[in-house]
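> First, the structure itself, so that you have it in front of you.
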Amino acid sequence: MEKPTNSKKVRRALGSKFRYLFPFLEHTSTCWNLDTMSARLSSAQDYTVLLDKYDTWMFDCDGVLWHGDRLIDGAVEVLDLLRRRNKKVLFVTNNATKSRKSYKGKFDHLGVQAHVDEIYGSAYAAAVYLSTVVKIPKTKKVYVIGMAGLEEELHEEGITSLGGTDPADNTLTPFSLANFTLDPDVAAVVCGLDTQINYTKTSKAFQYLTRNPGCLFVATNEDSTYPSADGLLPGAGAISAPLRFALGRDPVCTGKPSTTMLDCINAKVHYNPERTIMVGDRLNTDILFGKGGGLATLLVLSGEESEITGPDASPIVPDYVTGSIGDLRAAI
């Protein structure tokens with residue numbers, strides 16, 4: 001019997017999601033090559049060659065540039081180095097708790113140079129997906145499980161939202177259908193990370209998704225966890241999981257590794273995929289996102305992943321591996 005390759009294992013692991021996440025690969029005879037070994041970077045020459053090879057650098061943020069409100073050593077110096085060498089720098093994050101404008105405030109607070117139009121978040125991608133792909137009518141509304149950043153991005157796209165930070169929905173009072181009035185204008189439910197998730201929000205979202213005909217189920221991202229300053233916490237995927245189980249269906253995901261996020265970037269930024277690299281700390285989001293977009297990938301071991309070898313190693317293989325983004329200072 002033929003031993004399954006890593007490429008085949010990825011297809012099996014993703015199941016039906018493979019076709020949605022990477023539809024263009026369904027029309028090819030083979031999957032992308034995940035069966036190669038990663039290049040472990042260590043010498044100054046390794047990092048110099050890497051910098052010379054790529055013109056556009058896409059960075060995840062949490063676990064790559066910082067942990068919570070603590071910068072990763074060397075992150076600022078490396079970003080400055082890239083800009084001095086006229087590299088294009090973009091920040092691609094699945095963090096849906098902040099809008100791009102408010103996320104810019106975090107960059108400023110940490111002393112990291114960034115422009116709003118260089119920041120691409122999953123909340124922004126969800127809002128753009130609804131406004132430009134789905135073309136949700138202006139008379140329709142979106143029910144939000146999420147935080148202020150998601151509401152802000154929807155507002156920027158001219159979309160009215162319910163739920164979210166509304167005090168009426170942020171309650172521990174038992175939910176009762178007898179006291180609930182269904183809004184027939186809700187055409188979509190968007191679920192992101194919500195640190196005040198409760199039964200009321202989940203129940204209302206369930207009502208809209210099962211009772212409003214054609215109501216869309218959208219998730220900003222499906223990260224199972226996210227790295228806080230003090231350790232891992234449940235991510236947005238854990239917030240949408242109860243709804244997925246109750247509904248028996250999956251949402252449309254707009255964050256990494258979905259190509260929807262890359263579509264948002266393509267609409268705004270001109271870059272050559274062959275000279276573009278995605279830098280991240282998660283194999284199943286950042287690295288898979290880069291692979292799906294035909295980009296080179298660099299895994300840093302400063303966040304979610306601490307090792308990628310061994311008997312239980314992931315079938316998703318990055319092109320390059322280094323300990324931390326700060327290692328690239330060797331090229332200075």
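How things are named: the first chain in the structure tokens is A, the next is B, and so on; residues count from 1 in each chain; ligands count from 1 in the order shown.
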Pick out the residues sitting within 6 Å of segment 244-260 of chain A, and hand them over as an MDAnalysis selection string; count only C-alpha atoms, and ignore anything fewer than 6 positions along from it in its own chain.

chainID A and resid 21 94 122 125:126 217:221 285 288:289

> For the residues in the current selection, export N, CA and C atoms as a compact mmCIF listing (two decimals), in the first residue's frame.


```txt
# COMPACT_ATOMS: atom_id res chain seq x y z
N LEU A 21 -11.02 26.27 1.36
CA LEU A 21 -9.86 27.11 1.66
C LEU A 21 -8.97 27.31 0.45
N ASN A 94 -4.94 37.50 12.55
CA ASN A 94 -6.27 36.94 12.80
C ASN A 94 -6.94 37.57 14.01
N SER A 122 -8.50 40.02 10.48
CA SER A 122 -9.61 39.14 10.09
C SER A 122 -10.97 39.83 10.25
N ALA A 125 -11.32 41.70 7.05
CA ALA A 125 -11.62 40.76 5.98
C ALA A 125 -13.07 40.32 6.01
N ALA A 126 -13.61 40.10 7.21
CA ALA A 126 -15.02 39.70 7.34
C ALA A 126 -15.94 40.80 6.84
N PHE A 217 -23.43 32.33 7.97
CA PHE A 217 -22.62 32.05 9.16
C PHE A 217 -21.16 32.32 8.79
N VAL A 218 -20.59 33.36 9.39
CA VAL A 218 -19.23 33.80 9.05
C VAL A 218 -18.38 33.82 10.32
N ALA A 219 -17.16 33.30 10.22
CA ALA A 219 -16.20 33.36 11.32
C ALA A 219 -14.99 34.17 10.89
N THR A 220 -14.55 35.07 11.76
CA THR A 220 -13.38 35.87 11.41
C THR A 220 -12.15 35.00 11.29
N ASN A 221 -12.06 33.98 12.12
CA ASN A 221 -10.95 33.02 12.05
C ASN A 221 -11.30 31.81 12.91
N THR A 285 -2.26 28.01 10.44
CA THR A 285 -2.86 29.27 9.97
C THR A 285 -1.85 30.05 9.13
N LEU A 288 0.17 27.67 6.51
CA LEU A 288 -0.78 27.15 5.53
C LEU A 288 -1.33 28.27 4.66
N PHE A 289 -1.53 29.45 5.24
CA PHE A 289 -1.97 30.63 4.49
C PHE A 289 -0.95 30.99 3.42
```

> Compile the contact shell of Ala123 of chain A as a VMD selection string: residues with an atom at most 7 Å away, counting only C-alpha atoms, same-chain residues fewer than 3 positions apart removed.

chain A and resid 96 99 126 to 127 150 153 220

> Closest to Asp194 of chain A among A:Leu162, A:Val144, A:Ala44, A:Leu262, using only C-alpha atoms?

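Counting only C-alpha atoms, the residue closest to Asp194 of chain A is A:Val144.
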
> Pick the closest to Leu295 of chain A from A:Ala205, A:Cys61, A:Val133, A:Ile277: which is it, counting only C-alpha atoms?

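Smallest distance to Leu295 of chain A is found for A:Ile277.
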
> Running DSSP on the backbone, which parts of segment 60-288 of chain A land in strand (DSSP E or B), as an MDAnalysis selection string?

chainID A and resid 62 66:67 70:71 88:93 119:121 141:145 160:163 186:191 216:219 225:228 231:234 252:253 276:280

> Go through segment 56-124 of chain A and collect every residue that DSSP, computed from the backbone, puts in alpha helix (DSSP H); the answer should be as JSON, numbers by chain.

{"A": [75, 76, 77, 78, 79, 80, 81, 82, 83, 84, 100, 101, 102, 103, 104, 105, 106, 107, 108, 109, 110, 122, 123, 124]}

> Excluding Ala229 of chain A and its own-chain neighbours fewer than 5 positions away, which residues fall within 9 Å of it when counting only C-alpha atoms? Please give them as a list in words.

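Surrounding residues, per the criterion: Trp66, His67, Gly68, Asp69 and Arg70 of chain A.
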
> Go ahead and dump the residues you just picked, N, CA, C and O atoms, as an mmCIF file, in the first residue's frame.


```cif
data_model
loop_
_atom_site.group_PDB
_atom_site.id
_atom_site.type_symbol
_atom_site.label_atom_id
_atom_site.label_comp_id
_atom_site.auth_asym_id
_atom_site.auth_seq_id
_atom_site.Cartn_x
_atom_site.Cartn_y
_atom_site.Cartn_z
ATOM 1 N N TRP A 66 5.164 40.315 19.075
ATOM 2 C CA TRP A 66 4.949 40.561 20.508
ATOM 3 C C TRP A 66 4.166 39.426 21.148
ATOM 4 O O TRP A 66 3.556 38.602 20.480
ATOM 5 N N HIS A 67 4.218 39.416 22.486
ATOM 6 C CA HIS A 67 3.355 38.576 23.320
ATOM 7 C C HIS A 67 2.549 39.537 24.176
ATOM 8 O O HIS A 67 3.105 40.186 25.060
ATOM 9 N N GLY A 68 1.251 39.638 23.911
ATOM 10 C CA GLY A 68 0.448 40.587 24.673
ATOM 11 C C GLY A 68 0.946 42.001 24.433
ATOM 12 O O GLY A 68 0.939 42.501 23.313
ATOM 13 N N ASP A 69 1.402 42.664 25.495
ATOM 14 C CA ASP A 69 1.951 44.018 25.385
ATOM 15 C C ASP A 69 3.459 44.030 25.559
ATOM 16 O O ASP A 69 4.045 45.065 25.881
ATOM 17 N N ARG A 70 4.087 42.895 25.320
ATOM 18 C CA ARG A 70 5.540 42.792 25.459
ATOM 19 C C ARG A 70 6.172 42.450 24.107
ATOM 20 O O ARG A 70 5.882 41.414 23.510
#
```

> Have a look at A:Gly149, A:Gly323, A:Gly158, A:Gly192 and name the one nearest to Arg100 of chain A; count only C-alpha atoms.

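Answer, going by the shortest atom-to-atom distance: A:Gly149.
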
> Rounded to one decimal, what separation in Å do you get between atom CA of Val49 of chain A and atom CA of Leu90 of chain A?

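Those two atoms sit 20.2 Å apart.
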
> Smallest atom-to-atom distance to Thr322 of chain A: which of A:Cys191, A:Phe206, A:Asn95, A:Asp281, using only C-alpha atoms?

A:Asp281

> Which residues of segment 104-140 of chain A sit at most 12 Å from segment 178-185 of chain A, using only C-alpha atoms? Give each one's shortest atom pair and distance in Å (one decimal place), in chain and ascending residue order, as a tab-separated table.


```
residue	atom	partner	partner_atom	distance
A:Ile136	CA	A:Asp185	CA	10.8
A:Pro137	CA	A:Asp185	CA	9.9
A:Lys138	CA	A:Asp185	CA	10.1
A:Thr139	CA	A:Asp185	CA	7.2
A:Lys140	CA	A:Asp185	CA	4.9
```

> Using only C-alpha atoms, can you tell me which of A:Glu77, A:Gly63, A:Val300, A:Gly326 comes closest to Gly111 of chain A?

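Answer, going by the shortest atom-to-atom distance: A:Glu77.
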
> One decimal, Å: what's the distance from atom CA of His109 of chain A over to atom CA of Thr56 of chain A, could you say?

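Atom CA of Thr56 of chain A lies 24.5 Å from atom CA of His109 of chain A.
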